[in-house]
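The structure appears right after this line, and notes come after that.
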Amino acid sequence: MAYIRNKIGKGDSGYKIQIKEFGLNTSFQTFTKRKVEAKAILTQVNQRIVDVNNGLKQFGADWTKQEKLNWLRTGKEPERLQGEILTLFSAIEKYLRFKAGAGKAITTQESYEYHLLRAKKYFNDIPLIHVTAEMAQEYVFWLDKQIITTGKNRGQTLSSSSQKKHIEEIKRVFRWSARCVEKNINWEVFLDVTYPKKRLTKFDNLTKFDDFQTRRDELKKYGISEIEEGAFLDIIYNKYQLDEHLRYLKKTLWEDGSFRTRRLFVTLLFCSSTGARRSELCRVKKEDLDLDNQAVRIWMRKGSGERDLKPHRRELLDDVIPYLKVLLLQTPKDQQCIFCADDKHVSGDSWDQVLEHRKWDYLTDQVKKALRNSIYANAAGFHVYRHTLASILLAEGYSQAEVKLTIGWCTDAMAQRYQHVTRQRRRSILETLRQETPRVEFDGFGCPTGVSDRGEHEGI
């Protein structure tokens with residue numbers, strides 16, 4: 001923060017305010033005789049410093065130190081920028097630069113940029129002050145007709161939820177620009193847009209988080225091909241199916257494989273027993289394993305606003321320990337990460353997020369290749385093991401709190417995804433009780449057998 005220096009000389013009436021922020025180490029003279037007036041100027045300067053630190057204001061990338069100092073003194077932007085009309089492309093560039101400077105994860109920044117691509121295509125480089133509510137609504141109608149060209153929903157149009165994500169992101173750009181760059185921008189043009197009704201697809205008939213075989217039966221029932229992308233979205237394995245799946249992986253990857261495929265098998269076995277996410281696998285180092293106490297330390301980064309890595313202890317099953325010991329013996333001594341081919345994504349005590357993201361993609365490619373030409377080919381993925389472990393634990397009667405501690409959930413909301421699993425368990429309990437209760441037989445009149453005075457029921 002800035003502070004007041006002593007009065008300049010005996011005969012000089014001015015005070016100096018020293019600034020050591022944003023690469024500046026300079027001072028300016030207030031030319032005021034009274035210290036209380038200098039303090040009022042200091043308060044304004046410190047407020048501007050707070051605004052920059054809190055993201056309410058951002059210096060331009062091409063601002064000189066003198067221009068930064070002048071703004072801190074007076075609140076006036078450089079003359080060369082005054083009267084400049086802010087366009088969409090310029091606003092998006094400033095916004096993304098601000099988000100990057102705010103410490104957002106690489107994947108989060110990529111998400112921001114992705115959801116703004118269609119806005120750039122539709123509006124082009126229009127001045128933000130020219131965008132009206134009618135144009136915003138027309139943008140929604142245009143989004144409703146856009147065809148997805150990549151990913152699991154390839155060939156389909158954007159859903160209402162996807163349209164809302166695109167609108168919310170461009171609205172954030174307008175709101176941030178109005179607050180930090182140009183006050184006369186009306187970001188409320190996006191507030192009253194309406195969205196078309198959701199179009200039902202053949203995938204809406206499928207039950208989310210059903211087990212693998214039930215999903216296959218559903219696909220056959222509704223005439224959906226198993227090789228169609230998205231057919232096995234949001235599935236789980238039951239205990240028997242998981243055992244069968246792991247036996248298949250053991251035969252193809254461990255018994256008949258190389259060190260690389262064996263490492264992949266241990267990785268998947270580790271996921272199935274700890275619920276580790278794909279992103280967490282790349283952060284497991286040798287020092288995180290405590291095989292004597294059958295535990296591992298997982299470094300988690302998950303949740304709104306939670307960007308720092310946090311350690312979470314997970315227990316290891318007896319079945320996994322021998323495989324981990326073999327993996328540790330065969331991993332090069334100078335390599336730290338056990339589930340990756342190298343440590344290129346390790347940067348001292350932290351992680352290079354760009355390289356780390358590439359490691360995730362490589363792991364996914366490995367799994368898809370390993371399951372190619374099998375019945376699991378279109379259900380290939382890492383998160384299915386986490387969903388499976390959570391659903392099995394809930395079905396076994398463990399509470400949400402216990403499951404959360406076991407696999408490191410961030411919120412209890414995740415358990416809502418498996419409500420049908422817990423309902424099935426409750427029904428099975430009731431069925432057990434029913435089997436133990438003597439069944440009551442009814443006669444032809446709908447009355448329990450053993451009633452001696454039938455005439456009473458015949459209305460005689």
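All residue names refer to the structure tokens as shown: chains lettered A, B, ... in order, residues numbered from 1 in each chain, ligands numbered from 1 in order.
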
Selection near region 378-381 of chain A, 10 Å with only C-alpha atoms, sequence-local residues under 4 positions removed, as a PyMOL selection string: chain A and resi 212+226-236+268+278+363-374+385

Next, the residues of the selection above should be written as a JSON list (two decimals), in the first residue's frame with C-alpha atoms.
[["chain", "number", "residue", "atom", "x", "y", "z"],
["A", 212, "PHE", "CA", -23.19, -51.86, -17.16],
["A", 226, "GLU", "CA", -23.52, -49.70, -28.28],
["A", 227, "ILE", "CA", -20.84, -48.14, -30.47],
["A", 228, "GLU", "CA", -22.70, -44.83, -30.59],
["A", 229, "GLU", "CA", -20.88, -42.09, -28.70],
["A", 230, "GLY", "CA", -22.63, -41.32, -25.43],
["A", 231, "ALA", "CA", -24.34, -44.71, -25.20],
["A", 232, "PHE", "CA", -22.46, -45.55, -22.01],
["A", 233, "LEU", "CA", -22.39, -42.08, -20.52],
["A", 234, "ASP", "CA", -22.89, -42.07, -16.73],
["A", 235, "ILE", "CA", -22.76, -45.79, -15.96],
["A", 236, "ILE", "CA", -21.46, -47.84, -13.04],
["A", 268, "LEU", "CA", -6.94, -48.76, -13.04],
["A", 278, "ARG", "CA", -7.74, -39.02, -13.40],
["A", 363, "LEU", "CA", -3.98, -41.79, -19.76],
["A", 364, "THR", "CA", -7.45, -41.67, -21.31],
["A", 365, "ASP", "CA", -6.03, -42.64, -24.71],
["A", 366, "GLN", "CA", -4.24, -45.58, -23.10],
["A", 367, "VAL", "CA", -7.45, -46.86, -21.50],
["A", 368, "LYS", "CA", -9.41, -46.57, -24.74],
["A", 369, "LYS", "CA", -6.70, -48.46, -26.59],
["A", 370, "ALA", "CA", -6.60, -51.18, -23.92],
["A", 371, "LEU", "CA", -10.37, -51.76, -24.09],
["A", 372, "ARG", "CA", -10.64, -51.57, -27.87],
["A", 373, "ASN", "CA", -12.51, -54.51, -29.45],
["A", 374, "SER", "CA", -13.97, -55.56, -26.08],
["A", 385, "TYR", "CA", -14.41, -46.38, -11.29]]

Run DSSP on the backbone and tell me which residues of region 260-391 of chain A come out as alpha helix (DSSP H); list them as a PyMOL selection string. chain A and resi 260-274+278-281+320-330+353-370+383-391

Determine which residues of region 54-276 of chain A DSSP labels as strand (DSSP E) from the backbone of this structure, then write them out as a PyMOL selection string. chain A and resi 210-211+235-236

Residues from last step as file, C-alpha atoms, as a PDB file, in the first residue's frame:
ATOM      1  CA  ASP A 210     -27.363 -47.781 -14.114  1.00  0.00           C
ATOM      2  CA  ASP A 211     -25.014 -50.733 -14.038  1.00  0.00           C
ATOM      3  CA  ILE A 235     -22.756 -45.794 -15.964  1.00  0.00           C
ATOM      4  CA  ILE A 236     -21.455 -47.835 -13.044  1.00  0.00           C
TER       5      ILE A 236
END

Set the distance at 12 Å and use only C-alpha atoms: which residues neighbour Asp334 (chain A) once local chain neighbours fewer than 6 positions away are removed? I'd like the list as a PDB file with C-alpha atoms, in the first residue's frame.
ATOM      1  CA  LYS A 285       4.556 -39.811  -6.025  1.00  0.00           C
ATOM      2  CA  LYS A 286       6.549 -42.596  -4.414  1.00  0.00           C
ATOM      3  CA  LEU A 328       7.670 -49.429  -7.432  1.00  0.00           C
ATOM      4  CA  ALA A 341       5.925 -42.417 -17.914  1.00  0.00           C
ATOM      5  CA  ASP A 342       8.046 -39.464 -16.694  1.00  0.00           C
ATOM      6  CA  ASP A 343       8.113 -36.419 -14.411  1.00  0.00           C
TER       7      ASP A 343
END

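What separates CA of Gly257 (chain A) from CA of Pro332 (chain A) is a distance of 18.3 Å.
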
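When the distance limit is 8 Å and only C-alpha atoms are what count, the residues near Ile185 (chain A), minus those fewer than 2 positions from it on the same chain, are Leu128, Ile129, Phe174, Ser177, Ala178, Glu182, Lys183 and Trp187 of chain A.
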
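Interatomic distance, CA of Thr388 (chain A) to CA of Ser161 (chain A): 26.0 Å.
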
Contacts of Tyr248 (chain A) at 12 Å or less, counting only C-alpha atoms, minus same-chain residues fewer than 3 places along, as a compact mmCIF listing (two decimals) with C-alpha atoms, in the first residue's frame?
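The resulting file, around.txt, is reproduced below:
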# COMPACT_ATOMS: atom_id res chain seq x y z
CA GLN A 241 -19.35 -56.71 -13.13
CA LEU A 242 -16.40 -54.85 -11.62
CA ASP A 243 -14.69 -58.14 -10.77
CA GLU A 244 -15.25 -59.39 -14.32
CA HIS A 245 -13.94 -56.12 -15.74
CA LYS A 251 -5.37 -60.87 -18.43
CA THR A 252 -4.85 -58.35 -21.26
CA LEU A 253 -2.65 -55.81 -19.48
CA TRP A 254 -0.82 -57.61 -16.68
CA GLU A 255 -0.39 -61.24 -17.70
CA ASP A 256 0.20 -60.66 -21.41
CA PHE A 265 -3.44 -52.09 -15.03
CA LEU A 268 -6.94 -48.76 -13.04
CA LEU A 269 -6.88 -51.17 -10.09
CA ALA A 370 -6.60 -51.18 -23.92
CA LEU A 371 -10.37 -51.76 -24.09
CA SER A 374 -13.97 -55.56 -26.08
CA ILE A 375 -17.50 -55.17 -24.68
CA TYR A 376 -16.13 -52.31 -22.53

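Rounded to one decimal, CA of Gly223 (chain A) and CA of Asp204 (chain A) lie 13.0 Å from each other.
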
Write out as a PyMOL selection string which residues come within 12 Å of Ala119 (chain A) when counting only C-alpha atoms, dropping same-chain ones fewer than 2 positions away. chain A and resi 88-89+91-92+112-117+121-126+128+131+135-136+138-140+142-143+163+165-171+173-174

Would you save the residues from that selection as a compact mmCIF listing (two decimals), in the first residue's frame, using N, CA and C atoms?
# COMPACT_ATOMS: atom_id res chain seq x y z
N LEU A 88 -15.96 -6.12 -28.81
CA LEU A 88 -16.11 -7.45 -28.21
C LEU A 88 -14.78 -8.18 -28.14
N PHE A 89 -14.02 -8.20 -29.23
CA PHE A 89 -12.76 -8.93 -29.24
C PHE A 89 -11.80 -8.38 -28.19
N ALA A 91 -12.63 -6.68 -25.49
CA ALA A 91 -13.17 -6.95 -24.15
C ALA A 91 -12.89 -8.38 -23.73
N ILE A 92 -13.06 -9.34 -24.66
CA ILE A 92 -12.80 -10.74 -24.34
C ILE A 92 -11.33 -10.96 -24.03
N TYR A 112 -13.55 -20.90 -20.17
CA TYR A 112 -14.00 -19.54 -20.44
C TYR A 112 -13.88 -19.22 -21.93
N GLU A 113 -12.70 -19.52 -22.47
CA GLU A 113 -12.43 -19.18 -23.87
C GLU A 113 -13.34 -19.97 -24.82
N TYR A 114 -13.56 -21.25 -24.51
CA TYR A 114 -14.40 -22.09 -25.37
C TYR A 114 -15.82 -21.54 -25.46
N HIS A 115 -16.39 -21.14 -24.31
CA HIS A 115 -17.77 -20.66 -24.30
C HIS A 115 -17.93 -19.26 -24.86
N LEU A 116 -16.82 -18.62 -25.24
CA LEU A 116 -16.89 -17.30 -25.86
C LEU A 116 -16.64 -17.35 -27.37
N LEU A 117 -16.24 -18.52 -27.87
CA LEU A 117 -15.93 -18.63 -29.30
C LEU A 117 -17.16 -18.37 -30.17
N LYS A 121 -17.99 -15.46 -33.02
CA LYS A 121 -18.42 -15.80 -34.38
C LYS A 121 -19.72 -15.10 -34.75
N TYR A 122 -20.66 -14.99 -33.79
CA TYR A 122 -21.97 -14.41 -34.08
C TYR A 122 -21.92 -12.88 -34.12
N PHE A 123 -21.37 -12.26 -33.09
CA PHE A 123 -21.39 -10.80 -32.99
C PHE A 123 -20.27 -10.12 -33.77
N ASN A 124 -19.21 -10.88 -34.09
CA ASN A 124 -18.02 -10.32 -34.69
C ASN A 124 -17.43 -9.27 -33.75
N ASP A 125 -16.65 -8.32 -34.24
CA ASP A 125 -15.98 -7.35 -33.36
C ASP A 125 -16.84 -6.11 -33.15
N ILE A 126 -18.07 -6.31 -32.67
CA ILE A 126 -19.02 -5.22 -32.48
C ILE A 126 -18.68 -4.43 -31.21
N LEU A 128 -19.30 -2.99 -27.68
CA LEU A 128 -20.18 -3.54 -26.66
C LEU A 128 -21.40 -2.65 -26.42
N VAL A 131 -24.65 -3.55 -28.49
CA VAL A 131 -25.39 -4.80 -28.31
C VAL A 131 -26.68 -4.51 -27.55
N MET A 135 -30.71 -8.25 -29.84
CA MET A 135 -29.56 -8.97 -30.41
C MET A 135 -29.17 -10.15 -29.51
N ALA A 136 -29.27 -9.95 -28.19
CA ALA A 136 -28.96 -11.03 -27.27
C ALA A 136 -29.93 -12.19 -27.44
N GLU A 138 -31.65 -12.91 -30.20
CA GLU A 138 -31.35 -13.52 -31.49
C GLU A 138 -30.14 -14.44 -31.39
N TYR A 139 -29.20 -14.08 -30.52
CA TYR A 139 -28.02 -14.93 -30.31
C TYR A 139 -28.43 -16.28 -29.72
N VAL A 140 -29.40 -16.27 -28.81
CA VAL A 140 -29.90 -17.52 -28.22
C VAL A 140 -30.53 -18.39 -29.30
N TRP A 142 -29.86 -18.38 -32.41
CA TRP A 142 -28.77 -18.86 -33.27
C TRP A 142 -28.06 -20.03 -32.60
N LEU A 143 -27.82 -19.92 -31.28
CA LEU A 143 -27.18 -21.02 -30.56
C LEU A 143 -28.02 -22.29 -30.62
N GLN A 163 -26.60 -23.79 -23.96
CA GLN A 163 -26.89 -22.41 -24.38
C GLN A 163 -26.74 -21.45 -23.21
N LYS A 165 -24.81 -21.78 -20.63
CA LYS A 165 -23.39 -21.60 -20.31
C LYS A 165 -22.76 -20.56 -21.22
N HIS A 166 -23.11 -20.61 -22.51
CA HIS A 166 -22.57 -19.62 -23.45
C HIS A 166 -23.05 -18.22 -23.11
N ILE A 167 -24.33 -18.10 -22.76
CA ILE A 167 -24.88 -16.79 -22.42
C ILE A 167 -24.28 -16.27 -21.12
N GLU A 168 -24.14 -17.13 -20.13
CA GLU A 168 -23.58 -16.71 -18.85
C GLU A 168 -22.15 -16.20 -19.02
N GLU A 169 -21.38 -16.83 -19.92
CA GLU A 169 -19.99 -16.41 -20.09
C GLU A 169 -19.89 -15.05 -20.76
N ILE A 170 -20.69 -14.83 -21.82
CA ILE A 170 -20.63 -13.51 -22.48
C ILE A 170 -21.21 -12.44 -21.56
N LYS A 171 -22.17 -12.83 -20.73
CA LYS A 171 -22.71 -11.87 -19.76
C LYS A 171 -21.64 -11.46 -18.75
N VAL A 173 -18.47 -11.26 -19.36
CA VAL A 173 -17.58 -10.33 -20.05
C VAL A 173 -18.16 -8.92 -20.03
N PHE A 174 -19.46 -8.80 -20.33
CA PHE A 174 -20.11 -7.49 -20.34
C PHE A 174 -20.10 -6.89 -18.93
